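Printed here is entry-v6.pdb (PDB, C-alpha atoms and all ligand atoms):
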ATOM      1  CA  MET M   1      19.761  28.918  12.131
ATOM      2  CA  ILE M   2      16.654  26.761  12.459
ATOM      3  CA  ASP M   3      14.134  26.590   9.621
ATOM      4  CA  ILE M   4      10.821  26.059  11.460
ATOM      5  CA  ASN M   5       9.462  24.202   8.412
ATOM      6  CA  VAL M   6      11.751  21.310   9.276
ATOM      7  CA  LEU M   7       9.574  20.626  12.319
ATOM      8  CA  ASN M   8       6.494  20.314  10.116
ATOM      9  CA  ALA M   9       8.205  17.633   8.041
ATOM     10  CA  VAL M  10       8.504  15.223  10.985
ATOM     11  CA  THR M  11       5.668  12.685  10.959
ATOM     12  CA  TYR M  12       3.558  11.445  13.875
ATOM     13  CA  GLY M  13       0.396   9.547  14.648
ATOM     14  CA  VAL M  14      -2.482  10.821  16.787
ATOM     15  CA  TYR M  15      -3.390   9.084  20.033
ATOM     16  CA  VAL M  16      -5.365   9.409  23.241
ATOM     17  CA  ILE M  17      -3.188   8.792  26.295
ATOM     18  CA  THR M  18      -5.271   7.814  29.307
ATOM     19  CA  ALA M  19      -4.606   7.577  33.030
ATOM     20  CA  ALA M  20      -6.347   6.806  36.301
ATOM     21  CA  ASN M  21      -5.581   7.620  39.912
ATOM     22  CA  ASN M  22      -7.593   7.776  43.126
ATOM     23  CA  GLY M  23     -10.810   6.895  41.329
ATOM     24  CA  LYS M  24     -10.449   9.632  38.697
ATOM     25  CA  TYR M  25      -9.844   9.235  34.984
ATOM     26  CA  GLY M  26      -7.877  11.493  32.678
ATOM     27  CA  GLY M  27      -6.899  11.542  29.045
ATOM     28  CA  PHE M  28      -5.551  13.805  26.341
ATOM     29  CA  ILE M  29      -4.651  13.863  22.666
ATOM     30  CA  ALA M  30      -0.966  13.300  21.936
ATOM     31  CA  ASN M  31       1.212  12.847  18.891
ATOM     32  CA  THR M  32       4.366  11.815  20.729
ATOM     33  CA  VAL M  33       3.859   8.068  21.205
ATOM     34  CA  MET M  34       6.583   5.756  19.973
ATOM     35  CA  GLN M  35       7.621   2.131  20.340
ATOM     36  CA  VAL M  36      11.216   2.273  21.563
ATOM     37  CA  THR M  37      12.233  -1.395  22.076
ATOM     38  CA  ALA M  38      11.122  -4.767  20.707
ATOM     39  CA  ASP M  39      12.624  -7.639  22.761
ATOM     40  CA  THR M  40      10.593  -6.331  25.630
ATOM     41  CA  VAL M  41       8.076  -4.075  23.934
ATOM     42  CA  LYS M  42       8.307  -0.602  25.424
ATOM     43  CA  PHE M  43       6.699   2.688  24.469
ATOM     44  CA  SER M  44       7.650   6.263  25.231
ATOM     45  CA  VAL M  45       5.028   8.972  25.649
ATOM     46  CA  VAL M  46       5.670  12.662  26.288
ATOM     47  CA  CYS M  47       3.241  14.564  28.493
ATOM     48  CA  SER M  48       3.027  18.207  29.523
ATOM     49  CA  LYS M  49       3.451  18.854  33.226
ATOM     50  CA  ASN M  50       0.325  21.038  32.929
ATOM     51  CA  ASN M  51      -1.870  18.057  32.032
ATOM     52  CA  ALA M  52      -3.865  16.579  34.894
ATOM     53  CA  SER M  53      -3.259  13.136  33.378
ATOM     54  CA  THR M  54       0.517  13.550  33.706
ATOM     55  CA  THR M  55       0.284  13.652  37.496
ATOM     56  CA  MET M  56      -1.987  10.605  37.402
ATOM     57  CA  ILE M  57       0.565   8.659  35.340
ATOM     58  CA  ALA M  58       3.467   9.711  37.575
ATOM     59  CA  GLU M  59       1.612   8.665  40.732
ATOM     60  CA  SER M  60      -0.026   5.472  39.461
ATOM     61  CA  GLY M  61       2.840   4.231  37.273
ATOM     62  CA  LYS M  62       0.404   3.266  34.503
ATOM     63  CA  PHE M  63      -0.824   4.659  31.213
ATOM     64  CA  ASN M  64      -2.766   3.434  28.224
ATOM     65  CA  VAL M  65      -2.804   4.556  24.614
ATOM     66  CA  SER M  66      -5.605   4.461  22.040
ATOM     67  CA  ILE M  67      -4.556   4.695  18.403
ATOM     68  CA  LEU M  68      -7.061   6.922  16.605
ATOM     69  CA  HIS M  69      -8.283   6.184  13.114
ATOM     70  CA  SER M  70      -8.271   8.636  10.228
ATOM     71  CA  TYR M  71     -11.949   9.555  10.451
ATOM     72  CA  THR M  72     -11.967  10.343  14.163
ATOM     73  CA  SER M  73     -14.729  12.830  14.980
ATOM     74  CA  GLN M  74     -14.051  16.473  15.697
ATOM     75  CA  THR M  75     -16.037  15.974  18.908
ATOM     76  CA  LEU M  76     -13.579  13.416  20.239
ATOM     77  CA  ILE M  77     -10.559  15.508  19.207
ATOM     78  CA  SER M  78     -12.089  18.545  20.889
ATOM     79  CA  ASN M  79     -13.030  16.616  24.024
ATOM     80  CA  PHE M  80      -9.570  15.163  24.636
ATOM     81  CA  GLY M  81      -7.472  17.823  22.921
ATOM     82  CA  TYR M  82      -8.770  21.137  24.183
ATOM     83  CA  HIS M  83     -10.296  20.599  27.611
ATOM     84  CA  SER M  84      -8.844  19.722  30.997
ATOM     85  CA  SER M  85      -9.698  16.616  32.994
ATOM     86  CA  ARG M  86      -9.694  18.969  35.993
ATOM     87  CA  GLU M  87     -12.787  20.727  34.609
ATOM     88  CA  VAL M  88     -14.774  18.156  32.650
ATOM     89  CA  ASN M  89     -15.388  14.414  32.713
ATOM     90  CA  LYS M  90     -13.959  13.559  29.317
ATOM     91  CA  PHE M  91     -15.350  10.021  29.484
ATOM     92  CA  GLU M  92     -18.962  11.052  29.964
ATOM     93  CA  ASN M  93     -20.122  10.799  26.359
ATOM     94  CA  ILE M  94     -17.584   8.586  24.617
ATOM     95  CA  LYS M  95     -17.117   4.832  24.371
ATOM     96  CA  TYR M  96     -14.403   3.355  26.542
ATOM     97  CA  ILE M  97     -13.508   0.236  28.474
ATOM     98  CA  ILE M  98     -11.446  -0.355  31.575
ATOM     99  CA  ALA M  99      -8.272  -2.276  30.754
ATOM    100  CA  PRO M 100      -6.876  -4.974  33.067
ATOM    101  CA  ASN M 101      -4.591  -2.358  34.656
ATOM    102  CA  ASP M 102      -7.723  -0.448  35.790
ATOM    103  CA  VAL M 103      -6.966   2.460  33.459
ATOM    104  CA  PRO M 104      -9.621   3.422  30.861
ATOM    105  CA  VAL M 105      -8.971   3.104  27.156
ATOM    106  CA  VAL M 106     -10.944   5.014  24.561
ATOM    107  CA  THR M 107     -12.479   2.546  22.099
ATOM    108  CA  GLU M 108     -14.465   5.132  20.128
ATOM    109  CA  ASP M 109     -12.761   6.073  16.845
ATOM    110  CA  SER M 110      -9.846   3.825  17.774
ATOM    111  CA  ILE M 111      -7.993   1.143  15.850
ATOM    112  CA  ALA M 112      -6.285  -0.473  18.817
ATOM    113  CA  TRP M 113      -5.192   0.135  22.378
ATOM    114  CA  ILE M 114      -2.008  -0.424  24.336
ATOM    115  CA  GLU M 115      -1.555  -0.897  28.081
ATOM    116  CA  CYS M 116       1.750   0.111  29.724
ATOM    117  CA  GLU M 117       3.488   0.018  33.081
ATOM    118  CA  VAL M 118       5.880   2.908  33.684
ATOM    119  CA  GLU M 119       9.516   1.879  34.054
ATOM    120  CA  GLU M 120      11.308   5.199  33.682
ATOM    121  CA  GLN M 121      10.592   8.925  33.705
ATOM    122  CA  VAL M 122      12.731  11.536  31.998
ATOM    123  CA  ASP M 123      12.262  15.145  33.130
ATOM    124  CA  LEU M 124      12.198  17.440  30.082
ATOM    125  CA  CYS M 125      11.461  20.659  32.063
ATOM    126  CA  SER M 126       8.074  21.485  30.505
ATOM    127  CA  HIS M 127       7.238  17.820  29.834
ATOM    128  CA  ILE M 128       7.873  14.350  31.215
ATOM    129  CA  MET M 129       8.768  11.394  29.020
ATOM    130  CA  PHE M 130       7.384   8.173  30.430
ATOM    131  CA  ILE M 131       8.866   4.908  29.186
ATOM    132  CA  GLY M 132       6.525   2.023  29.810
ATOM    133  CA  LYS M 133       6.596  -1.733  29.286
ATOM    134  CA  MET M 134       3.650  -2.973  27.237
ATOM    135  CA  THR M 135       1.566  -5.279  29.413
ATOM    136  CA  GLY M 136      -1.456  -5.676  27.151
ATOM    137  CA  GLY M 137      -3.297  -4.445  24.105
ATOM    138  CA  GLU M 138      -5.920  -5.393  21.560
ATOM    139  CA  MET M 139      -7.010  -4.537  18.047
ATOM    140  CA  ILE M 140     -10.418  -2.897  17.804
ATOM    141  CA  ASN M 141     -10.663  -2.258  14.071
ATOM    142  CA  ASP M 142      -8.067  -3.832  11.774
ATOM    143  CA  LYS M 143      -9.576  -2.320   8.627
ATOM    144  CA  ALA M 144      -9.242   1.365   9.518
ATOM    145  CA  LYS M 145      -6.174   3.476   8.792
ATOM    146  CA  PRO M 146      -4.435   5.309  11.614
ATOM    147  CA  MET M 147      -4.680   9.081  11.709
ATOM    148  CA  THR M 148      -1.466  10.926  10.962
ATOM    149  CA  TYR M 149      -0.600  14.290  12.458
ATOM    150  CA  ASP M 150      -0.431  15.772   8.970
ATOM    151  CA  TYR M 151      -3.987  14.561   8.269
ATOM    152  CA  TYR M 152      -5.094  15.957  11.638
ATOM    153  CA  HIS M 153      -3.765  19.404  10.756
ATOM    154  CA  ASP M 154      -5.268  19.306   7.260
ATOM    155  CA  THR M 155      -8.681  17.982   8.276
ATOM    156  CA  PHE M 156      -9.306  19.930  11.447
ATOM    157  CA  LYS M 157      -7.307  23.016  10.414
ATOM    158  CA  ALA M 158      -5.963  22.814  13.931
ATOM    159  CA  LYS M 159      -2.682  23.763  15.508
ATOM    160  CA  SER M 160      -0.913  21.789  18.185
ATOM    161  CA  PRO M 161      -2.480  22.608  21.561
ATOM    162  CA  LYS M 162      -0.325  24.753  23.838
ATOM    163  CA  ASN M 163       0.653  21.768  26.009
ATOM    164  CA  ALA M 164       1.856  19.660  23.062
ATOM    165  CA  PRO M 165       5.609  19.114  22.737
ATOM    166  CA  THR M 166       5.286  20.216  19.105
ATOM    167  CA  TYR M 167       3.461  23.498  19.863
ATOM    168  CA  GLN M 168       4.845  26.275  17.659
ATOM    169  CA  GLY M 169       3.261  29.344  19.165
ATOM    170  CA  ASN M 170       0.658  31.574  17.646
ATOM    171  CA  ASP M 171       2.391  33.404  14.852
ATOM    172  CA  THR M 172      -0.160  33.457  12.045
ATOM    173  CA  PRO M 173      -0.002  36.958  10.580
ATOM    174  CA  SER M 174      -3.265  38.892  10.710
ATOM    175  CA  ALA M 175      -4.975  39.808   7.500
ATOM    176  CA  LYS M 176      -5.646  43.359   6.429
ATOM    177  CA  SER M 177      -7.802  45.414   8.711
ATOM    178  CA  ASP M 178     -11.427  46.354   7.974
ATOM    179  CA  SER M 179     -10.284  49.757   6.742
ATOM    180  CA  GLN M 180      -8.088  48.040   4.134
ATOM    181  CA  ALA M 181     -10.733  45.574   2.949
ATOM    182  CA  LYS M 182     -12.479  46.336  -0.329
ATOM    183  CA  PRO M 183     -16.243  45.865  -0.724
ATOM    184  CA  SER M 184     -15.578  43.227  -3.369
ATOM    185  CA  ASP M 185     -13.427  41.131  -1.037
ATOM    186  CA  PRO M 186     -14.977  37.775  -0.094
ATOM    187  CA  PRO M 187     -16.153  37.423   3.535
ATOM    188  CA  ALA M 188     -13.145  37.007   5.807
ATOM    189  CA  LYS M 189     -12.095  33.820   7.507
ATOM    190  CA  TYR M 190     -11.410  33.963  11.220
ATOM    191  CA  GLU M 191      -8.986  31.868  13.233
ATOM    192  CA  CYS M 192      -9.372  30.713  16.830
ATOM    193  CA  THR M 193      -6.268  31.980  18.611
ATOM    194  CA  VAL M 194      -6.486  29.151  21.140
ATOM    195  CA  CYS M 195      -6.706  26.022  18.973
ATOM    196  CA  GLY M 196      -6.216  27.217  15.397
ATOM    197  CA  TYR M 197      -9.699  26.268  14.171
ATOM    198  CA  ILE M 198     -10.582  28.374  11.141
ATOM    199  CA  TYR M 199     -14.121  29.632  10.615
ATOM    200  CA  ASP M 200     -14.791  29.747   6.878
ATOM    201  CA  PRO M 201     -17.968  31.764   6.135
ATOM    202  CA  LEU M 202     -18.503  29.795   2.932
ATOM    203  CA  GLN M 203     -18.839  26.600   4.962
ATOM    204  CA  GLY M 204     -20.366  28.051   8.123
ATOM    205  CA  ASP M 205     -20.723  25.693  11.068
ATOM    206  CA  PRO M 206     -23.883  23.717  10.250
ATOM    207  CA  ASP M 207     -23.364  21.283  13.142
ATOM    208  CA  ASN M 208     -23.875  24.222  15.475
ATOM    209  CA  GLY M 209     -26.630  26.025  13.605
ATOM    210  CA  ILE M 210     -24.522  28.408  11.530
ATOM    211  CA  ALA M 211     -25.564  28.156   7.884
ATOM    212  CA  PRO M 212     -23.017  28.247   5.040
ATOM    213  CA  GLY M 213     -22.605  31.827   3.856
ATOM    214  CA  THR M 214     -22.847  33.372   7.334
ATOM    215  CA  ARG M 215     -20.258  36.099   7.889
ATOM    216  CA  PHE M 216     -18.308  35.767  11.128
ATOM    217  CA  GLU M 217     -19.606  39.165  12.209
ATOM    218  CA  ASP M 218     -23.193  37.860  11.903
ATOM    219  CA  ILE M 219     -22.715  34.775  14.082
ATOM    220  CA  PRO M 220     -24.550  35.110  17.436
ATOM    221  CA  ASP M 221     -22.275  36.041  20.343
ATOM    222  CA  THR M 222     -23.333  32.862  22.108
ATOM    223  CA  TRP M 223     -21.563  30.758  19.465
ATOM    224  CA  THR M 224     -18.350  29.071  20.629
ATOM    225  CA  CYS M 225     -15.400  27.495  18.845
ATOM    226  CA  PRO M 226     -16.483  23.975  17.844
ATOM    227  CA  MET M 227     -12.989  22.699  18.527
ATOM    228  CA  CYS M 228     -11.976  24.180  21.883
ATOM    229  CA  GLY M 229     -15.058  25.989  23.192
ATOM    230  CA  VAL M 230     -13.821  29.595  23.503
ATOM    231  CA  GLY M 231     -16.010  32.545  22.459
ATOM    232  CA  LYS M 232     -15.928  34.808  19.400
ATOM    233  CA  SER M 233     -13.639  37.315  21.123
ATOM    234  CA  ASP M 234     -10.815  34.774  20.938
ATOM    235  CA  PHE M 235     -10.967  34.737  17.125
ATOM    236  CA  ARG M 236      -9.069  37.007  14.791
ATOM    237  CA  LYS M 237      -9.406  37.779  11.139
ATOM    238  CA  ILE M 238      -6.921  36.054   8.833
TER     239      ILE M 238
HETATM  240 FE    FE K 301     -10.708  26.962  19.320
END
Encoding of this model in structure tokens:
Amino acid sequence: MIDINVLNAVTYGVYVITAANNGKYGGFIANTVMQVTADTVKFSVVCSKNNASTTMIAESGKFNVSILHSYTSQTLISNFGYHSSREVNKFENIKYIIAPNDVPVVTEDSIAWIECEVEEQVDLCSHIMFIGKMTGGEMINDKAKPMTYDYYHDTFKAKSPKNAPTYQGNDTPSAKSDSQAKPSDPPAKYECTVCGYIYDPLQGDPDNGIAPGTRFEDIPDTWTCPMCGVGKSDFRKI
């Protein structure tokens, strides 16, 4: 028997893993970054085979890591967490530099960055673990606190993306149907079935023109999930 709650008790940080190959850049949000040796400093990262950046790392033999701070913007999380480098240029509107290994590192909302050269790959079926020797790195902001995965879930009300090694499926039970709702019930919250973002009508989505107090049903159909970009039809009542 496995109690799924055990998985939620394991702690992680939140990072952007970046890659470059053939003149293209890629990057994605990851929680599975860990220092694995100290005499020669090495890091392991785990990447979905579905991520465009994973192929870049495998072919170039290089990856970089940015350590995100605890007040990282939702925009940056959305950009690197819920879009594909195959479809969008994730570096278009964020601050980054090119490290000595010619791979970009995100400096926006970051405490520090790490540069690595791949030494080993471990095939995990759905994912690849890359073990890399640290070849460089710098502090960007030594006063900020790193974001933890727990904080990420609490703050952004977000689930692990489908490609994350810690993805737990989409098993949130639906709330009662409209026919069961009483007139006195407060306006319902809706959850994005893709990323887990929760629309709370009491808060609205002021950044995107939806005033607090707006029922989900009254949001224009052109509105999209502020986290992952899907439309209203991908939300369900909770
Ligand atoms: Fe979403």
### Message
Within 7 Å of ligand FE 301 (chain K) (counting only C-alpha atoms and all ligand atoms), which residues show up? I'd like them as an MDAnalysis selection string.
### Response
chainID M and resid 192:197 225:230
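Closest to Ser48 of chain M among M:Lys162, M:His153, M:His127, M:His69 is M:His127, based on all atoms listed in the file.
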#### Entry: M:Thr72, M:Asn64, M:Thr55, M:Lys49 ranked by distance to Tyr151 of chain M, top pick (using all atoms listed in the file)
M:Thr72
### Query
Between atom CA of Ser70 of chain M and atom CA of Ala9 of chain M, what is the distance, to one decimal in Å?
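Going from atom CA of Ser70 of chain M over to atom CA of Ala9 of chain M covers 18.9 Å.
What separates atom CA of Val118 of chain M from atom CA of Ala30 of chain M is a distance of 17.1 Å.
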### Task
Would you work out the distance separating atom CA of Ile77 of chain M from atom CA of Phe216 of chain M, expressed in Å to one decimal?
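The value is 23.1 Å.
The smallest atom-to-atom distance between Pro100 of chain M and any of M:Val88, M:Ile57, M:Ile114, M:Cys47, using only C-alpha atoms, is found for M:Ile114.
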### Message
Using only C-alpha atoms, can you tell me which of M:Lys90, M:Tyr149, M:Ile2, M:Ala52 comes closest to Thr166 of chain M?
### Response
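Using only C-alpha atoms, the shortest distance to Thr166 of chain M belongs to M:Tyr149.
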### Query
Out of M:Asp205, M:Tyr152, M:Gly81, M:Lys133, which residue has the shortest atom-to-atom distance to Ile29 of chain M when counting all atoms listed in the file?
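Ranked by minimum distance to Ile29 of chain M, first place goes to M:Gly81.
Checking M:Met134, M:Val46, M:Leu7, M:Met139 one by one against Ala164 of chain M, counting all atoms listed in the file, you find the shortest gap at M:Val46.
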### Task
Please determine the residues with any atom at most 8 Å from (-5.7, 6.6, 15.0) (coordinates as given in the file, with only C-alpha atoms counting) and report them as a PyMOL selection string.
chain M and resi 13-15+66-70+72+109-111+145-148
### Message
Take the PyMOL selection byres (((chain M and resi 40) around 12) and not hetatm), run it mentally on this structure, and tell me the resulting residues as a ChimeraX atom specification.
### Response
/M:35-39,41-43,116,119,131-135
### Ground truth for the PyMOL selection byres (((chain M and resi 95-98) around 12) and not hetatm), written as a PyMOL selection string
chain M and resi 16+18-20+25+27+63-66+76+90-94+99-110+112-115+137-138+140
### Task
Find the residues around Glu217 of chain M up to 10 Å (all atoms listed in the file counted), leave out those fewer than 6 positions away in its own chain, and share them as a PyMOL selection string.
chain M and resi 187-188+190+201+232
Could those selected residues go to a file with C-alpha atoms, as an mmCIF file, in the coordinates of the input?
data_model
loop_
_atom_site.group_PDB
_atom_site.id
_atom_site.type_symbol
_atom_site.label_atom_id
_atom_site.label_comp_id
_atom_site.auth_asym_id
_atom_site.auth_seq_id
_atom_site.Cartn_x
_atom_site.Cartn_y
_atom_site.Cartn_z
ATOM 1 C CA PRO M 187 -16.153 37.423 3.535
ATOM 2 C CA ALA M 188 -13.145 37.007 5.807
ATOM 3 C CA TYR M 190 -11.410 33.963 11.220
ATOM 4 C CA PRO M 201 -17.968 31.764 6.135
ATOM 5 C CA LYS M 232 -15.928 34.808 19.400
#
